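Please read the structure below before turning to the comments.
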Amino acid sequence: MNIDSVRFTDPPVHHQFPPLYENLGLPEVSSYIEQNYEFDFTAGKTKRTGHGSIRIYKQYAEFKVIISEKLTGFGPKRLEKLESLLMEEVKDRFINNIQSETQARKVYHMHFGRNARNE
């Protein structure tokens, strides 16, 4: 398996979560920066195109590669290898994109709890 090319499709986006969630210790509800990309790869003799994103969780300084669609013929081991190859290919360019961005795009995730009903 080989990564042939990677193209970022969007600028980095900063996802902000309320402080209520930040201290729970759960990465999935922690603030992160994400950037989408498209990649071409060769698996055996077949050339394919995939879509994914890379995230860095701000509080943990932890990176995660996400492949956004199912890839036919890829089990857990092959997906893990592909994610590892993508991480090597994308991580440094992602960091450079974050550092060189002039105007940050932000998305705010809010808590919309229900009010207590007095009956």
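Residues are named by chain letter and number: chains run A, B, ... in the order of the structure tokens, numbers start at 1 in each chain, and ligands are numbered from 1 in the order shown.
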
**Prompt:** If you run DSSP on this backbone, which residues of chain A come out as helix (DSSP H, G or I), and could you give them as JSON, numbers by chain?
**Reply:** {"A": [19, 20, 21, 22, 27, 28, 29, 76, 77, 78, 79, 80, 81, 82, 83, 84, 85, 86, 87, 88, 89, 90, 91, 92, 93, 94, 95, 96, 97, 98, 99, 100]}

Now that the selection is made, can you save its residues with N, CA, C and O atoms as a compact mmCIF listing (two decimals), in the first residue's frame?
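Produced file part-v2.txt, reproduced below:
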# COMPACT_ATOMS: atom_id res chain seq x y z
N PRO A 19 -16.77 25.10 28.17
CA PRO A 19 -15.90 24.65 29.26
C PRO A 19 -16.51 23.51 30.08
O PRO A 19 -15.79 22.71 30.66
N LEU A 20 -17.82 23.42 30.11
CA LEU A 20 -18.50 22.35 30.83
C LEU A 20 -18.01 20.98 30.37
O LEU A 20 -17.83 20.07 31.16
N TYR A 21 -17.74 20.84 29.08
CA TYR A 21 -17.32 19.55 28.52
C TYR A 21 -15.81 19.36 28.52
O TYR A 21 -15.33 18.23 28.49
N GLU A 22 -15.06 20.44 28.52
CA GLU A 22 -13.61 20.37 28.38
C GLU A 22 -12.93 19.55 29.47
O GLU A 22 -11.95 18.90 29.23
N PRO A 27 -11.94 13.08 24.63
CA PRO A 27 -11.52 13.79 23.43
C PRO A 27 -12.67 14.14 22.49
O PRO A 27 -12.64 15.17 21.84
N GLU A 28 -13.71 13.29 22.43
CA GLU A 28 -14.78 13.55 21.48
C GLU A 28 -15.61 14.78 21.81
O GLU A 28 -16.34 15.28 20.95
N VAL A 29 -15.53 15.32 23.03
CA VAL A 29 -16.20 16.57 23.37
C VAL A 29 -15.19 17.61 23.85
O VAL A 29 -15.49 18.44 24.70
N PRO A 76 -9.86 -4.07 9.59
CA PRO A 76 -9.25 -3.24 10.63
C PRO A 76 -7.73 -3.09 10.50
O PRO A 76 -7.20 -1.99 10.69
N LYS A 77 -7.03 -4.14 10.14
CA LYS A 77 -5.56 -4.07 10.03
C LYS A 77 -5.14 -3.18 8.87
O LYS A 77 -4.24 -2.36 9.02
N ARG A 78 -5.77 -3.34 7.71
CA ARG A 78 -5.42 -2.52 6.55
C ARG A 78 -5.80 -1.06 6.78
O ARG A 78 -5.08 -0.15 6.36
N LEU A 79 -6.93 -0.82 7.44
CA LEU A 79 -7.33 0.56 7.75
C LEU A 79 -6.32 1.20 8.70
O LEU A 79 -5.97 2.38 8.54
N GLU A 80 -5.87 0.45 9.68
CA GLU A 80 -4.88 0.96 10.62
C GLU A 80 -3.58 1.31 9.90
O GLU A 80 -2.99 2.36 10.17
N LYS A 81 -3.17 0.48 8.97
CA LYS A 81 -1.95 0.77 8.20
C LYS A 81 -2.13 2.00 7.32
O LYS A 81 -1.25 2.86 7.25
N LEU A 82 -3.30 2.11 6.67
CA LEU A 82 -3.58 3.27 5.84
C LEU A 82 -3.60 4.55 6.68
O LEU A 82 -3.03 5.57 6.28
N GLU A 83 -4.22 4.52 7.85
CA GLU A 83 -4.25 5.68 8.74
C GLU A 83 -2.85 6.07 9.18
O GLU A 83 -2.52 7.25 9.26
N SER A 84 -2.01 5.08 9.43
CA SER A 84 -0.63 5.35 9.81
C SER A 84 0.15 6.03 8.68
O SER A 84 0.88 6.99 8.90
N LEU A 85 -0.04 5.54 7.46
CA LEU A 85 0.62 6.15 6.29
C LEU A 85 0.12 7.58 6.07
O LEU A 85 0.91 8.49 5.77
N LEU A 86 -1.18 7.79 6.24
CA LEU A 86 -1.74 9.14 6.08
C LEU A 86 -1.21 10.08 7.15
O LEU A 86 -0.92 11.25 6.85
N MET A 87 -1.08 9.59 8.37
CA MET A 87 -0.56 10.43 9.46
C MET A 87 0.84 10.93 9.12
O MET A 87 1.15 12.11 9.28
N GLU A 88 1.69 10.05 8.62
CA GLU A 88 3.06 10.43 8.24
C GLU A 88 3.05 11.48 7.13
O GLU A 88 3.84 12.41 7.14
N GLU A 89 2.12 11.31 6.20
CA GLU A 89 2.07 12.18 5.02
C GLU A 89 1.47 13.55 5.32
O GLU A 89 1.87 14.56 4.77
N VAL A 90 0.50 13.60 6.22
CA VAL A 90 -0.33 14.80 6.40
C VAL A 90 0.04 15.65 7.61
O VAL A 90 -0.15 16.86 7.60
N LYS A 91 0.58 15.06 8.65
CA LYS A 91 0.76 15.74 9.94
C LYS A 91 1.56 17.03 9.83
O LYS A 91 1.11 18.09 10.29
N ASP A 92 2.74 17.00 9.23
CA ASP A 92 3.58 18.21 9.15
C ASP A 92 2.93 19.30 8.31
O ASP A 92 2.98 20.48 8.67
N ARG A 93 2.30 18.93 7.21
CA ARG A 93 1.63 19.92 6.37
C ARG A 93 0.44 20.55 7.09
O ARG A 93 0.17 21.74 6.96
N PHE A 94 -0.25 19.75 7.89
CA PHE A 94 -1.38 20.24 8.69
C PHE A 94 -0.90 21.26 9.71
O PHE A 94 -1.49 22.33 9.86
N ILE A 95 0.17 20.97 10.40
CA ILE A 95 0.74 21.90 11.38
C ILE A 95 1.15 23.20 10.69
O ILE A 95 0.88 24.29 11.20
N ASN A 96 1.78 23.11 9.52
CA ASN A 96 2.16 24.30 8.77
C ASN A 96 0.93 25.12 8.36
O ASN A 96 0.96 26.35 8.40
N ASN A 97 -0.14 24.44 7.97
CA ASN A 97 -1.37 25.15 7.59
C ASN A 97 -1.96 25.91 8.78
O ASN A 97 -2.45 27.03 8.63
N ILE A 98 -1.92 25.30 9.95
CA ILE A 98 -2.45 25.96 11.15
C ILE A 98 -1.62 27.19 11.48
O ILE A 98 -2.15 28.26 11.79
N GLN A 99 -0.30 27.05 11.42
CA GLN A 99 0.59 28.17 11.77
C GLN A 99 0.53 29.30 10.75
O GLN A 99 0.72 30.45 11.11
N SER A 100 0.24 28.99 9.50
CA SER A 100 0.26 30.02 8.46
C SER A 100 -1.11 30.64 8.19
O SER A 100 -1.20 31.58 7.40

**Prompt:** Please, which residues of range 17-97 of chain A, numbered as in this document, come out strand (DSSP E) from DSSP, as a PyMOL selection string?
**Reply:** chain A and resi 32-43+46-57+62-67

Selection to disk with C-alpha atoms, as a PDB file, in the first residue's frame:
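Result file follows (selection_19.pdb):
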ATOM      1  CA  TYR A  32     -10.003  20.535  18.282  1.00  0.00           C
ATOM      2  CA  ILE A  33      -8.730  21.824  14.947  1.00  0.00           C
ATOM      3  CA  GLU A  34      -9.667  19.832  11.854  1.00  0.00           C
ATOM      4  CA  GLN A  35      -8.785  19.967   8.164  1.00  0.00           C
ATOM      5  CA  ASN A  36     -10.261  17.898   5.326  1.00  0.00           C
ATOM      6  CA  TYR A  37      -8.211  16.332   2.551  1.00  0.00           C
ATOM      7  CA  GLU A  38      -8.473  14.035  -0.437  1.00  0.00           C
ATOM      8  CA  PHE A  39      -5.867  11.366  -1.091  1.00  0.00           C
ATOM      9  CA  ASP A  40      -4.896   8.979  -3.867  1.00  0.00           C
ATOM     10  CA  PHE A  41      -3.424   5.644  -2.898  1.00  0.00           C
ATOM     11  CA  THR A  42      -2.406   2.373  -4.460  1.00  0.00           C
ATOM     12  CA  ALA A  43      -3.443  -0.904  -2.868  1.00  0.00           C
ATOM     13  CA  THR A  46      -5.491  -0.760  -7.866  1.00  0.00           C
ATOM     14  CA  LYS A  47      -5.359   3.055  -7.680  1.00  0.00           C
ATOM     15  CA  ARG A  48      -8.107   4.577  -5.552  1.00  0.00           C
ATOM     16  CA  THR A  49      -9.186   7.934  -4.155  1.00  0.00           C
ATOM     17  CA  GLY A  50     -10.340   8.529  -0.590  1.00  0.00           C
ATOM     18  CA  HIS A  51     -11.490  11.387   1.606  1.00  0.00           C
ATOM     19  CA  GLY A  52     -10.565  12.075   5.189  1.00  0.00           C
ATOM     20  CA  SER A  53      -9.635  14.619   7.799  1.00  0.00           C
ATOM     21  CA  ILE A  54      -6.960  15.150  10.404  1.00  0.00           C
ATOM     22  CA  ARG A  55      -7.595  16.551  13.871  1.00  0.00           C
ATOM     23  CA  ILE A  56      -5.493  17.832  16.704  1.00  0.00           C
ATOM     24  CA  TYR A  57      -7.168  17.913  20.092  1.00  0.00           C
ATOM     25  CA  GLU A  62      -3.075  14.418  20.208  1.00  0.00           C
ATOM     26  CA  PHE A  63      -3.498  13.872  16.450  1.00  0.00           C
ATOM     27  CA  LYS A  64      -6.141  11.672  14.838  1.00  0.00           C
ATOM     28  CA  VAL A  65      -6.657  10.706  11.194  1.00  0.00           C
ATOM     29  CA  ILE A  66     -10.244  10.000  10.160  1.00  0.00           C
ATOM     30  CA  ILE A  67     -11.203   8.287   6.902  1.00  0.00           C
TER      31      ILE A  67
END

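Interatomic distance, CA of Pro12 in chain A against CA of Ala104 in chain A: 7.5 Å.
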